[in-house]
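J.: This is the content of my_file.cif (mmCIF, C-alpha atoms, pLDDT in the B column; chains and numbers go by the auth columns):
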data_work
loop_
_atom_site.group_PDB
_atom_site.id
_atom_site.type_symbol
_atom_site.label_atom_id
_atom_site.label_comp_id
_atom_site.label_asym_id
_atom_site.label_seq_id
_atom_site.Cartn_x
_atom_site.Cartn_y
_atom_site.Cartn_z
_atom_site.B_iso_or_equiv
_atom_site.auth_seq_id
_atom_site.auth_asym_id
ATOM 1 C CA MET A 1 23.445 -2.019 -0.061 53.00 1 A
ATOM 2 C CA SER A 2 22.711 -5.102 -2.148 54.00 2 A
ATOM 3 C CA MET A 3 19.178 -6.405 -1.750 70.00 3 A
ATOM 4 C CA GLY A 4 17.686 -9.597 -3.172 78.00 4 A
ATOM 5 C CA PRO A 5 14.047 -10.208 -4.091 91.00 5 A
ATOM 6 C CA LEU A 6 11.403 -9.199 -1.566 97.00 6 A
ATOM 7 C CA TRP A 7 7.907 -10.474 -0.902 98.00 7 A
ATOM 8 C CA CYS A 8 4.999 -8.047 -1.019 98.00 8 A
ATOM 9 C CA VAL A 9 1.886 -8.229 1.167 98.00 9 A
ATOM 10 C CA VAL A 10 -1.248 -6.853 -0.507 98.00 10 A
ATOM 11 C CA PRO A 11 -4.174 -6.265 1.897 97.00 11 A
ATOM 12 C CA ALA A 12 -7.422 -6.724 -0.018 96.00 12 A
ATOM 13 C CA ALA A 13 -9.964 -7.709 2.620 91.00 13 A
ATOM 14 C CA GLY A 14 -11.945 -4.448 2.591 81.00 14 A
ATOM 15 C CA ARG A 15 -15.180 -3.750 0.749 71.00 15 A
ATOM 16 C CA GLY A 16 -14.489 -0.217 -0.507 61.00 16 A
ATOM 17 C CA THR A 17 -17.858 1.120 0.626 54.00 17 A
ATOM 18 C CA ARG A 18 -17.230 4.662 -0.618 56.00 18 A
ATOM 19 C CA VAL A 19 -17.508 3.459 -4.220 62.00 19 A
ATOM 20 C CA GLY A 20 -20.923 1.887 -3.667 55.00 20 A
ATOM 21 C CA GLY A 21 -22.445 -1.242 -5.155 67.00 21 A
ATOM 22 C CA GLN A 22 -22.345 -4.901 -4.147 79.00 22 A
ATOM 23 C CA LEU A 23 -18.987 -5.815 -5.653 89.00 23 A
ATOM 24 C CA PRO A 24 -15.951 -4.990 -3.467 91.00 24 A
ATOM 25 C CA LYS A 25 -13.962 -2.084 -4.893 92.00 25 A
ATOM 26 C CA GLN A 26 -10.884 -4.160 -5.661 94.00 26 A
ATOM 27 C CA TYR A 27 -12.891 -6.286 -8.098 95.00 27 A
ATOM 28 C CA LEU A 28 -14.612 -3.459 -9.951 95.00 28 A
ATOM 29 C CA PRO A 29 -13.526 -3.115 -13.596 95.00 29 A
ATOM 30 C CA LEU A 30 -10.692 -0.783 -14.505 96.00 30 A
ATOM 31 C CA ALA A 31 -9.856 -0.694 -18.224 95.00 31 A
ATOM 32 C CA GLY A 32 -11.883 -3.880 -18.649 95.00 32 A
ATOM 33 C CA ARG A 33 -10.269 -5.923 -15.858 96.00 33 A
ATOM 34 C CA PRO A 34 -10.508 -6.003 -12.053 96.00 34 A
ATOM 35 C CA LEU A 35 -8.739 -3.126 -10.338 97.00 35 A
ATOM 36 C CA MET A 36 -6.702 -5.438 -8.112 97.00 36 A
ATOM 37 C CA LEU A 37 -5.424 -7.474 -11.046 98.00 37 A
ATOM 38 C CA HIS A 38 -3.748 -4.379 -12.474 98.00 38 A
ATOM 39 C CA THR A 39 -2.078 -3.765 -9.110 98.00 39 A
ATOM 40 C CA LEU A 40 -0.865 -7.351 -8.757 98.00 40 A
ATOM 41 C CA GLU A 41 0.506 -7.409 -12.291 98.00 41 A
ATOM 42 C CA ARG A 42 2.341 -4.129 -11.712 98.00 42 A
ATOM 43 C CA LEU A 43 3.962 -5.552 -8.584 98.00 43 A
ATOM 44 C CA ALA A 44 4.802 -8.946 -10.072 98.00 44 A
ATOM 45 C CA ALA A 45 6.496 -7.284 -13.033 98.00 45 A
ATOM 46 C CA HIS A 46 9.100 -5.685 -10.769 97.00 46 A
ATOM 47 C CA GLN A 47 12.368 -7.601 -10.834 96.00 47 A
ATOM 48 C CA GLN A 48 12.972 -7.138 -7.089 97.00 48 A
ATOM 49 C CA ILE A 49 9.643 -8.627 -6.016 98.00 49 A
ATOM 50 C CA ALA A 50 9.824 -12.383 -5.373 98.00 50 A
ATOM 51 C CA GLY A 51 6.178 -13.152 -4.681 98.00 51 A
ATOM 52 C CA LEU A 52 2.837 -11.763 -3.546 98.00 52 A
ATOM 53 C CA MET A 53 0.799 -12.526 -0.439 98.00 53 A
ATOM 54 C CA VAL A 54 -2.769 -11.338 -1.067 98.00 54 A
ATOM 55 C CA VAL A 55 -4.905 -10.955 2.053 98.00 55 A
ATOM 56 C CA LEU A 56 -8.578 -11.602 1.322 97.00 56 A
ATOM 57 C CA GLY A 57 -11.831 -11.218 3.210 94.00 57 A
ATOM 58 C CA GLY A 58 -13.196 -14.293 4.946 91.00 58 A
ATOM 59 C CA ARG A 59 -16.144 -14.575 2.566 89.00 59 A
ATOM 60 C CA ASP A 60 -14.436 -13.465 -0.618 92.00 60 A
ATOM 61 C CA GLU A 61 -16.194 -15.233 -3.501 92.00 61 A
ATOM 62 C CA HIS A 62 -14.597 -13.147 -6.238 94.00 62 A
ATOM 63 C CA TRP A 63 -10.899 -14.046 -6.012 95.00 63 A
ATOM 64 C CA PRO A 64 -9.962 -15.614 -9.383 93.00 64 A
ATOM 65 C CA ALA A 65 -7.630 -18.221 -7.815 93.00 65 A
ATOM 66 C CA ILE A 66 -4.477 -16.846 -9.396 96.00 66 A
ATOM 67 C CA GLY A 67 -1.503 -19.029 -8.501 96.00 67 A
ATOM 68 C CA GLN A 68 1.247 -17.045 -10.153 98.00 68 A
ATOM 69 C CA LEU A 69 1.978 -13.909 -12.138 98.00 69 A
ATOM 70 C CA GLU A 70 5.103 -13.251 -14.188 97.00 70 A
ATOM 71 C CA GLY A 71 6.295 -16.670 -13.057 97.00 71 A
ATOM 72 C CA LYS A 72 6.163 -15.574 -9.393 98.00 72 A
ATOM 73 C CA PRO A 73 4.006 -17.196 -6.691 98.00 73 A
ATOM 74 C CA VAL A 74 0.762 -15.552 -5.632 98.00 74 A
ATOM 75 C CA LEU A 75 -0.388 -16.851 -2.242 98.00 75 A
ATOM 76 C CA THR A 76 -3.469 -15.920 -0.237 98.00 76 A
ATOM 77 C CA THR A 77 -4.576 -15.812 3.359 98.00 77 A
ATOM 78 C CA VAL A 78 -7.604 -14.483 5.250 97.00 78 A
ATOM 79 C CA GLY A 79 -7.470 -11.021 6.794 96.00 79 A
ATOM 80 C CA GLY A 80 -9.222 -9.295 9.667 93.00 80 A
ATOM 81 C CA ALA A 81 -11.615 -6.485 10.426 90.00 81 A
ATOM 82 C CA GLU A 82 -9.085 -3.670 10.018 93.00 82 A
ATOM 83 C CA ARG A 83 -6.276 -3.096 7.542 94.00 83 A
ATOM 84 C CA CYS A 84 -3.684 -3.559 10.291 95.00 84 A
ATOM 85 C CA ASP A 85 -5.187 -6.959 11.148 95.00 85 A
ATOM 86 C CA SER A 86 -4.991 -8.014 7.512 97.00 86 A
ATOM 87 C CA VAL A 87 -1.386 -6.887 7.113 98.00 87 A
ATOM 88 C CA LEU A 88 -0.398 -8.794 10.248 97.00 88 A
ATOM 89 C CA ALA A 89 -2.167 -11.897 8.934 98.00 89 A
ATOM 90 C CA GLY A 90 -0.308 -11.540 5.649 98.00 90 A
ATOM 91 C CA LEU A 91 3.051 -11.192 7.393 98.00 91 A
ATOM 92 C CA ARG A 92 2.370 -14.292 9.472 98.00 92 A
ATOM 93 C CA ALA A 93 1.407 -16.304 6.374 98.00 93 A
ATOM 94 C CA LEU A 94 4.566 -15.541 4.392 98.00 94 A
ATOM 95 C CA PRO A 95 6.720 -18.533 3.414 97.00 95 A
ATOM 96 C CA ALA A 96 9.180 -19.846 5.979 95.00 96 A
ATOM 97 C CA GLU A 97 12.158 -18.652 3.951 95.00 97 A
ATOM 98 C CA VAL A 98 11.111 -15.050 4.658 97.00 98 A
ATOM 99 C CA THR A 99 12.934 -14.532 7.949 96.00 99 A
ATOM 100 C CA ASP A 100 12.099 -12.001 10.635 97.00 100 A
ATOM 101 C CA ASP A 101 15.109 -9.942 9.508 97.00 101 A
ATOM 102 C CA ALA A 102 13.965 -9.922 5.878 97.00 102 A
ATOM 103 C CA PHE A 103 12.466 -6.754 4.462 98.00 103 A
ATOM 104 C CA VAL A 104 8.948 -6.988 3.048 98.00 104 A
ATOM 105 C CA LEU A 105 6.794 -4.566 1.093 98.00 105 A
ATOM 106 C CA VAL A 106 3.159 -3.744 1.841 98.00 106 A
ATOM 107 C CA HIS A 107 1.108 -2.231 -0.969 98.00 107 A
ATOM 108 C CA ASP A 108 -2.532 -1.169 -1.284 98.00 108 A
ATOM 109 C CA ALA A 109 -4.613 -3.296 -3.643 97.00 109 A
ATOM 110 C CA ALA A 110 -6.223 -0.062 -4.866 97.00 110 A
ATOM 111 C CA ARG A 111 -2.962 1.586 -6.030 98.00 111 A
ATOM 112 C CA PRO A 112 -2.538 0.177 -9.564 98.00 112 A
ATOM 113 C CA CYS A 113 -0.443 3.066 -10.909 98.00 113 A
ATOM 114 C CA VAL A 114 2.678 2.705 -8.764 98.00 114 A
ATOM 115 C CA ARG A 115 5.763 3.235 -10.906 98.00 115 A
ATOM 116 C CA GLN A 116 8.457 0.589 -11.237 98.00 116 A
ATOM 117 C CA ALA A 117 11.148 3.231 -10.681 98.00 117 A
ATOM 118 C CA ASP A 118 9.530 4.330 -7.416 98.00 118 A
ATOM 119 C CA ILE A 119 9.503 0.768 -6.071 98.00 119 A
ATOM 120 C CA ALA A 120 13.188 0.462 -6.933 97.00 120 A
ATOM 121 C CA ARG A 121 13.966 3.818 -5.313 97.00 121 A
ATOM 122 C CA LEU A 122 12.111 2.874 -2.134 98.00 122 A
ATOM 123 C CA ILE A 123 14.078 -0.362 -1.833 97.00 123 A
ATOM 124 C CA GLU A 124 17.366 1.373 -2.587 96.00 124 A
ATOM 125 C CA LEU A 125 16.922 4.102 0.024 97.00 125 A
ATOM 126 C CA ALA A 126 14.725 2.557 2.720 98.00 126 A
ATOM 127 C CA VAL A 127 16.594 -0.711 3.215 97.00 127 A
ATOM 128 C CA PRO A 128 19.805 0.946 4.500 97.00 128 A
ATOM 129 C CA ALA A 129 17.629 3.315 6.565 98.00 129 A
ATOM 130 C CA GLY A 130 15.934 0.391 8.309 98.00 130 A
ATOM 131 C CA GLY A 131 12.555 0.945 6.646 98.00 131 A
ATOM 132 C CA GLY A 132 10.461 3.585 4.948 98.00 132 A
ATOM 133 C CA LEU A 133 7.581 4.459 2.690 98.00 133 A
ATOM 134 C CA LEU A 134 6.761 6.260 -0.517 98.00 134 A
ATOM 135 C CA GLY A 135 5.096 9.638 -0.170 98.00 135 A
ATOM 136 C CA ALA A 136 5.070 13.215 -1.401 98.00 136 A
ATOM 137 C CA PRO A 137 5.513 16.534 0.400 96.00 137 A
ATOM 138 C CA LEU A 138 2.275 18.450 0.886 95.00 138 A
ATOM 139 C CA ARG A 139 2.163 21.277 -1.659 93.00 139 A
ATOM 140 C CA ASP A 140 -1.420 22.522 -1.455 93.00 140 A
ATOM 141 C CA THR A 141 -2.533 25.083 1.098 95.00 141 A
ATOM 142 C CA LEU A 142 -3.955 23.203 4.067 95.00 142 A
ATOM 143 C CA LYS A 143 -7.151 24.369 5.829 96.00 143 A
ATOM 144 C CA ARG A 144 -8.738 23.324 9.118 95.00 144 A
ATOM 145 C CA ALA A 145 -12.540 23.208 8.939 96.00 145 A
ATOM 146 C CA ASP A 146 -15.184 23.452 11.607 95.00 146 A
ATOM 147 C CA ASP A 147 -18.123 21.056 11.917 95.00 147 A
ATOM 148 C CA GLY A 148 -20.091 23.148 9.454 96.00 148 A
ATOM 149 C CA GLY A 149 -17.480 22.892 6.719 95.00 149 A
ATOM 150 C CA ARG A 150 -16.184 26.448 7.091 98.00 150 A
ATOM 151 C CA SER A 151 -12.497 27.245 7.101 97.00 151 A
ATOM 152 C CA GLN A 152 -11.253 28.136 10.568 96.00 152 A
ATOM 153 C CA ALA A 153 -7.536 28.413 9.962 96.00 153 A
ATOM 154 C CA THR A 154 -4.703 27.800 7.532 96.00 154 A
ATOM 155 C CA GLU A 155 -2.379 25.087 8.769 92.00 155 A
ATOM 156 C CA PRO A 156 1.381 25.050 8.148 91.00 156 A
ATOM 157 C CA ARG A 157 2.408 22.558 5.485 90.00 157 A
ATOM 158 C CA ASP A 158 6.119 22.496 6.301 92.00 158 A
ATOM 159 C CA HIS A 159 7.381 18.973 7.014 93.00 159 A
ATOM 160 C CA ARG A 160 4.005 17.452 6.123 94.00 160 A
ATOM 161 C CA TRP A 161 3.796 14.593 3.627 96.00 161 A
ATOM 162 C CA ARG A 162 1.086 12.502 2.011 97.00 162 A
ATOM 163 C CA ALA A 163 1.739 8.813 2.689 98.00 163 A
ATOM 164 C CA PHE A 164 1.650 6.315 -0.186 98.00 164 A
ATOM 165 C CA THR A 165 2.506 2.658 -0.570 98.00 165 A
ATOM 166 C CA PRO A 166 4.518 0.510 -0.932 98.00 166 A
ATOM 167 C CA GLN A 167 5.881 0.710 2.579 98.00 167 A
ATOM 168 C CA LEU A 168 8.920 -1.373 3.465 98.00 168 A
ATOM 169 C CA PHE A 169 9.996 -2.789 6.833 98.00 169 A
ATOM 170 C CA ARG A 170 11.558 -5.886 8.349 98.00 170 A
ATOM 171 C CA ARG A 171 9.024 -8.676 8.746 98.00 171 A
ATOM 172 C CA GLY A 172 9.689 -9.210 12.452 98.00 172 A
ATOM 173 C CA GLU A 173 9.772 -5.547 13.433 98.00 173 A
ATOM 174 C CA LEU A 174 6.597 -4.707 11.547 98.00 174 A
ATOM 175 C CA SER A 175 4.758 -7.744 12.927 98.00 175 A
ATOM 176 C CA ALA A 176 5.724 -6.774 16.470 98.00 176 A
ATOM 177 C CA ALA A 177 4.726 -3.145 15.913 98.00 177 A
ATOM 178 C CA LEU A 178 1.304 -4.077 14.520 98.00 178 A
ATOM 179 C CA LEU A 179 0.680 -6.490 17.377 97.00 179 A
ATOM 180 C CA ALA A 180 1.740 -3.915 19.987 97.00 180 A
ATOM 181 C CA ALA A 181 -0.588 -1.310 18.502 96.00 181 A
ATOM 182 C CA SER A 182 -3.466 -3.781 18.610 94.00 182 A
ATOM 183 C CA VAL A 183 -2.784 -4.765 22.220 94.00 183 A
ATOM 184 C CA THR A 184 -2.743 -1.117 23.314 94.00 184 A
ATOM 185 C CA GLY A 185 -5.936 -0.292 21.403 93.00 185 A
ATOM 186 C CA VAL A 186 -4.286 1.927 18.799 93.00 186 A
ATOM 187 C CA THR A 187 -5.867 1.619 15.338 91.00 187 A
ATOM 188 C CA VAL A 188 -3.124 2.418 12.855 96.00 188 A
ATOM 189 C CA SER A 189 -3.935 3.720 9.390 95.00 189 A
ATOM 190 C CA ASP A 190 -0.749 2.432 7.772 97.00 190 A
ATOM 191 C CA GLU A 191 2.343 0.401 8.564 98.00 191 A
ATOM 192 C CA ALA A 192 4.500 3.479 9.131 98.00 192 A
ATOM 193 C CA MET A 193 2.139 4.617 11.899 98.00 193 A
ATOM 194 C CA ALA A 194 2.592 1.279 13.664 98.00 194 A
ATOM 195 C CA MET A 195 6.358 1.625 13.376 98.00 195 A
ATOM 196 C CA GLU A 196 6.223 5.211 14.668 98.00 196 A
ATOM 197 C CA HIS A 197 4.157 4.020 17.619 97.00 197 A
ATOM 198 C CA ALA A 198 6.879 1.425 18.308 97.00 198 A
ATOM 199 C CA GLY A 199 9.587 4.085 18.383 98.00 199 A
ATOM 200 C CA PHE A 200 10.923 3.904 14.821 98.00 200 A
ATOM 201 C CA ALA A 201 11.352 6.816 12.423 98.00 201 A
ATOM 202 C CA PRO A 202 10.588 5.506 8.900 98.00 202 A
ATOM 203 C CA LEU A 203 12.317 7.177 5.966 98.00 203 A
ATOM 204 C CA LEU A 204 10.051 9.188 3.665 98.00 204 A
ATOM 205 C CA VAL A 205 10.996 8.519 0.046 98.00 205 A
ATOM 206 C CA GLU A 206 9.476 10.899 -2.481 98.00 206 A
ATOM 207 C CA GLY A 207 7.516 9.155 -5.207 98.00 207 A
ATOM 208 C CA ALA A 208 5.322 10.198 -8.110 98.00 208 A
ATOM 209 C CA GLU A 209 2.037 11.815 -7.091 97.00 209 A
ATOM 210 C CA ASP A 210 0.164 9.814 -9.735 97.00 210 A
ATOM 211 C CA ASN A 211 0.471 6.775 -7.440 98.00 211 A
ATOM 212 C CA ILE A 212 -3.166 7.370 -6.558 98.00 212 A
ATOM 213 C CA LYS A 213 -5.359 5.250 -4.309 97.00 213 A
ATOM 214 C CA VAL A 214 -8.620 4.472 -6.092 96.00 214 A
ATOM 215 C CA THR A 215 -11.187 5.401 -3.464 93.00 215 A
ATOM 216 C CA THR A 216 -14.219 6.923 -5.201 91.00 216 A
ATOM 217 C CA ALA A 217 -16.052 6.220 -8.441 89.00 217 A
ATOM 218 C CA ALA A 218 -14.391 9.228 -10.080 93.00 218 A
ATOM 219 C CA ASP A 219 -10.943 7.791 -9.347 96.00 219 A
ATOM 220 C CA PHE A 220 -11.524 4.915 -11.770 96.00 220 A
ATOM 221 C CA ALA A 221 -11.491 7.214 -14.793 96.00 221 A
ATOM 222 C CA LEU A 222 -8.333 8.920 -13.568 97.00 222 A
ATOM 223 C CA ALA A 223 -6.605 5.595 -12.884 97.00 223 A
ATOM 224 C CA GLU A 224 -7.530 4.320 -16.350 97.00 224 A
ATOM 225 C CA PHE A 225 -5.940 7.441 -17.851 97.00 225 A
ATOM 226 C CA LEU A 226 -2.797 7.051 -15.730 97.00 226 A
ATOM 227 C CA LEU A 227 -2.218 3.310 -16.126 97.00 227 A
ATOM 228 C CA PRO A 228 -0.388 3.345 -19.479 96.00 228 A
ATOM 229 C CA ARG A 229 1.507 6.503 -18.495 95.00 229 A
ATOM 230 C CA THR A 230 2.991 5.242 -15.223 95.00 230 A
ATOM 231 C CA LEU A 231 4.885 2.080 -16.157 87.00 231 A
#
Could I get this structure in the form of structure tokens?
T.:
Amino acid sequence: MSMGPLWCVVPAAGRGTRVGGQLPKQYLPLAGRPLMLHTLERLAAHQQIAGLMVVLGGRDEHWPAIGQLEGKPVLTTVGGAERCDSVLAGLRALPAEVTDDAFVLVHDAARPCVRQADIARLIELAVPAGGGLLGAPLRDTLKRADDGGRSQATEPRDHRWRAFTPQLFRRGELSAALLAASVTGVTVSDEAMAMEHAGFAPLLVEGAEDNIKVTTAADFALAEFLLPRTL
């Protein structure tokens, strides 16, 4: 299926409290520049991405007022308390030419190492499937712990995947799914969960496991190592 350029929503309204410090995680330095800037540049460099909608916190004083990257527009809007609220705000703020039937990508601001080939593969496979997400099958042995941190049981890992981003869905369907989850009091952890809750079955597209989400202080060193190796 032929697919033209797609817009990408990048939720970046969180504070990344697990890293610590006063500066929100997405603005902390990675290889000498803000973490989020690496992510945005990686996305803008992809030939199938038409523009970026960055969703910021209401009191964000650190955004560098970027208007374009790689000749592509970078727009901003204000997000909400939860990731799902921010993604919905980003979807609603997309340009008018992005119709409800158009596919859009959603990508974590803290995933700077996503590979260009994986974005292309997601678009190629998930568009004809009606939507999907990057991920990787669970390969480690999985344990269930008790409240004291002791292993109680070994869980089956068959058919279990780790979910990554980007995730790709139609603008209208994803907006409706996020809104429905909010109305029913369901807090969704990613876009695929909202779509599942709405009755869809998103396609899992295997991607590279070095598409890490920078969550802790130790992740910054790993991401800096991976950046030049994951183009």
J.: Please list as a ChimeraX atom specification every residue within 8 Å of Ala192 in chain A, counting only C-alpha atoms and excluding residues in the same chain fewer than 6 positions away.
T.: /A:132-133,167,202
J.: For range 86-96 of chain A, work out the shell of residues within 9 Å, counting only C-alpha atoms and skipping chain neighbours fewer than 4 positions away, then give it as number ranges by chain.
T.: A: 7, 9-13, 52-57, 75-82, 104, 106, 171-172, 174-176, 178-179, 191
J.: Do you know which residues the PyMOL selection byres ((chain A and resi 68) around 12) returns on this file, as a ChimeraX atom specification?
T.: /A:37,40-41,43-45,50-54,64-67,69-76
J.: Would you kindly return, as a list in words, each protein, DNA or RNA residue with an atom no farther than 12 Å from any atom of range 155-160 of chain A, considering all atoms listed in the file and excluding same-chain residues fewer than 6 positions away?
T.: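 In the requested form, the answer reads Gly135, Ala136, Pro137, Leu138, Arg139, Asp140, Thr141, Leu142, Lys143, Arg144, Ala145 and Leu204 of chain A.
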J.: Would you list the residues near (-4.8, -1.0, 16.7) (no more than 10 Å away, in the coordinates of the file, using only C-alpha atoms) as an mmCIF file with C-alpha atoms, keeping the file's coordinate frame?
T.:
data_model
loop_
_atom_site.group_PDB
_atom_site.id
_atom_site.type_symbol
_atom_site.label_atom_id
_atom_site.label_comp_id
_atom_site.auth_asym_id
_atom_site.auth_seq_id
_atom_site.Cartn_x
_atom_site.Cartn_y
_atom_site.Cartn_z
ATOM 1 C CA GLU A 82 -9.085 -3.670 10.018
ATOM 2 C CA ARG A 83 -6.276 -3.096 7.542
ATOM 3 C CA CYS A 84 -3.684 -3.559 10.291
ATOM 4 C CA ASP A 85 -5.187 -6.959 11.148
ATOM 5 C CA ALA A 177 4.726 -3.145 15.913
ATOM 6 C CA LEU A 178 1.304 -4.077 14.520
ATOM 7 C CA LEU A 179 0.680 -6.490 17.377
ATOM 8 C CA ALA A 180 1.740 -3.915 19.987
ATOM 9 C CA ALA A 181 -0.588 -1.310 18.502
ATOM 10 C CA SER A 182 -3.466 -3.781 18.610
ATOM 11 C CA VAL A 183 -2.784 -4.765 22.220
ATOM 12 C CA THR A 184 -2.743 -1.117 23.314
ATOM 13 C CA GLY A 185 -5.936 -0.292 21.403
ATOM 14 C CA VAL A 186 -4.286 1.927 18.799
ATOM 15 C CA THR A 187 -5.867 1.619 15.338
ATOM 16 C CA VAL A 188 -3.124 2.418 12.855
ATOM 17 C CA SER A 189 -3.935 3.720 9.390
ATOM 18 C CA ALA A 194 2.592 1.279 13.664
#
J.: Do you have the CA of Leu203 in chain A-CA of Asp190 in chain A distance handy?
T.: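 Those two atoms sit 14.0 Å apart.
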J.: Which residues fall under the PyMOL selection byres ((chain A and resi 121-128) around 12) in this file, as number ranges by chain?
T.: A: 1-8, 46-49, 101-106, 114-120, 129-135, 164-170, 201-208
J.: So what do you get for CA of Glu173 in chain A versus CA of Met36 in chain A, distance-wise?
T.: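 Here the two named atoms are 27.1 Å from each other.
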J.: Just how far from CA of Arg42 in chain A is CA of Ala110 in chain A, in Å to one decimal?
T.: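 CA of Ala110 in chain A sits 11.7 Å away from CA of Arg42 in chain A.
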J.: Kindly extract all protein, DNA and RNA residues lying within 12 Å of the coordinates (-3.8, 3.8, -19.4) given in the file, considering all atoms listed in the file, and supply them as a list in words.
T.: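 In the file's frame, the residues around the point are Leu30, Ala31, Gly32, His38, Pro112, Cys113, Phe220, Ala221, Leu222, Ala223, Glu224, Phe225, Leu226, Leu227, Pro228, Arg229, Thr230 and Leu231 of chain A.
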J.: Taking the file as shown, find all residues satisfying the PyMOL selection byres ((chain A and resi 27) around 10) and write them as a list in words.
T.: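 On this input, the PyMOL selection byres ((chain A and resi 27) around 10) captures Ala12, Arg15, Gly16, Leu23, Pro24, Lys25, Gln26, Leu28, Pro29, Leu30, Arg33, Pro34, Leu35, Met36, Leu37, His62, Trp63, Pro64, Ala109 and Ala110 of chain A.
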J.: Quick one: residues within 7 Å of Arg111 in chain A, only C-alpha atoms, excluding same-chain residues fewer than 6 positions away - as a list in words?
T.: Thr39, Asn211, Ile212, Lys213 and Val214 of chain A
J.: Hey, could you pull the box centre and edge lengths for range 120-137 of chain A, axis-aligned, 4 Å padding per side, all listed atoms, to one decimal in Å, as JSON?
T.:
{"center_x": 12.4, "center_y": 7.9, "center_z": 0.7, "size_x": 22.7, "size_y": 25.2, "size_z": 23.2}
J.: Mind dumping range 59-64 of chain A from that block, keeping all heavy atoms, as a PDB file, in the first residue's frame?
T.:
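After the write, part-v2.pdb holds the following:
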ATOM      1  N   ARG A  59       3.562  24.919  31.755  1.00  0.00           N
ATOM      2  CA  ARG A  59       4.524  25.907  32.252  1.00  0.00           C
ATOM      3  C   ARG A  59       5.937  25.597  31.767  1.00  0.00           C
ATOM      4  O   ARG A  59       6.913  25.861  32.472  1.00  0.00           O
ATOM      5  CB  ARG A  59       4.489  25.955  33.777  1.00  0.00           C
ATOM      6  CG  ARG A  59       3.133  26.383  34.337  1.00  0.00           C
ATOM      7  CD  ARG A  59       3.164  26.465  35.859  1.00  0.00           C
ATOM      8  NE  ARG A  59       1.882  26.883  36.399  1.00  0.00           N
ATOM      9  CZ  ARG A  59       1.632  27.029  37.706  1.00  0.00           C
ATOM     10  NH1 ARG A  59       2.594  26.768  38.590  1.00  0.00           N
ATOM     11  NH2 ARG A  59       0.429  27.416  38.120  1.00  0.00           N
ATOM     12  N   ASP A  60       6.030  25.085  30.582  1.00  0.00           N
ATOM     13  CA  ASP A  60       7.336  24.722  30.021  1.00  0.00           C
ATOM     14  C   ASP A  60       8.103  25.992  29.639  1.00  0.00           C
ATOM     15  O   ASP A  60       7.705  26.720  28.731  1.00  0.00           O
ATOM     16  CB  ASP A  60       7.138  23.837  28.788  1.00  0.00           C
ATOM     17  CG  ASP A  60       8.436  23.203  28.315  1.00  0.00           C
ATOM     18  OD1 ASP A  60       9.484  23.870  28.372  1.00  0.00           O
ATOM     19  OD2 ASP A  60       8.399  22.041  27.887  1.00  0.00           O
ATOM     20  N   GLU A  61       9.190  26.249  30.353  1.00  0.00           N
ATOM     21  CA  GLU A  61      10.024  27.424  30.086  1.00  0.00           C
ATOM     22  C   GLU A  61      11.312  27.057  29.368  1.00  0.00           C
ATOM     23  O   GLU A  61      12.179  27.903  29.149  1.00  0.00           O
ATOM     24  CB  GLU A  61      10.372  28.122  31.406  1.00  0.00           C
ATOM     25  CG  GLU A  61       9.156  28.593  32.191  1.00  0.00           C
ATOM     26  CD  GLU A  61       9.532  29.158  33.542  1.00  0.00           C
ATOM     27  OE1 GLU A  61      10.722  29.012  33.937  1.00  0.00           O
ATOM     28  OE2 GLU A  61       8.655  29.740  34.206  1.00  0.00           O
ATOM     29  N   HIS A  62      11.435  25.796  28.965  1.00  0.00           N
ATOM     30  CA  HIS A  62      12.698  25.320  28.405  1.00  0.00           C
ATOM     31  C   HIS A  62      12.636  25.039  26.906  1.00  0.00           C
ATOM     32  O   HIS A  62      13.669  24.829  26.279  1.00  0.00           O
ATOM     33  CB  HIS A  62      13.127  24.043  29.134  1.00  0.00           C
ATOM     34  CG  HIS A  62      13.162  24.196  30.627  1.00  0.00           C
ATOM     35  ND1 HIS A  62      14.154  24.902  31.278  1.00  0.00           N
ATOM     36  CD2 HIS A  62      12.310  23.751  31.594  1.00  0.00           C
ATOM     37  CE1 HIS A  62      13.915  24.871  32.577  1.00  0.00           C
ATOM     38  NE2 HIS A  62      12.809  24.176  32.791  1.00  0.00           N
ATOM     39  N   TRP A  63      11.439  25.021  26.330  1.00  0.00           N
ATOM     40  CA  TRP A  63      11.306  24.728  24.905  1.00  0.00           C
ATOM     41  C   TRP A  63      12.075  25.778  24.091  1.00  0.00           C
ATOM     42  O   TRP A  63      11.874  26.984  24.261  1.00  0.00           O
ATOM     43  CB  TRP A  63       9.826  24.714  24.513  1.00  0.00           C
ATOM     44  CG  TRP A  63       9.594  24.602  23.034  1.00  0.00           C
ATOM     45  CD1 TRP A  63       9.066  25.555  22.217  1.00  0.00           C
ATOM     46  CD2 TRP A  63       9.880  23.482  22.198  1.00  0.00           C
ATOM     47  NE1 TRP A  63       8.998  25.102  20.926  1.00  0.00           N
ATOM     48  CE2 TRP A  63       9.494  23.826  20.873  1.00  0.00           C
ATOM     49  CE3 TRP A  63      10.428  22.221  22.432  1.00  0.00           C
ATOM     50  CZ2 TRP A  63       9.633  22.959  19.802  1.00  0.00           C
ATOM     51  CZ3 TRP A  63      10.564  21.339  21.357  1.00  0.00           C
ATOM     52  CH2 TRP A  63      10.173  21.711  20.067  1.00  0.00           C
ATOM     53  N   PRO A  64      12.959  25.366  23.193  1.00  0.00           N
ATOM     54  CA  PRO A  64      13.809  26.310  22.468  1.00  0.00           C
ATOM     55  C   PRO A  64      13.142  26.993  21.274  1.00  0.00           C
ATOM     56  O   PRO A  64      13.834  27.602  20.452  1.00  0.00           O
ATOM     57  CB  PRO A  64      14.969  25.423  22.005  1.00  0.00           C
ATOM     58  CG  PRO A  64      14.379  24.061  21.877  1.00  0.00           C
ATOM     59  CD  PRO A  64      13.341  23.960  22.950  1.00  0.00           C
TER      60      PRO A  64
END
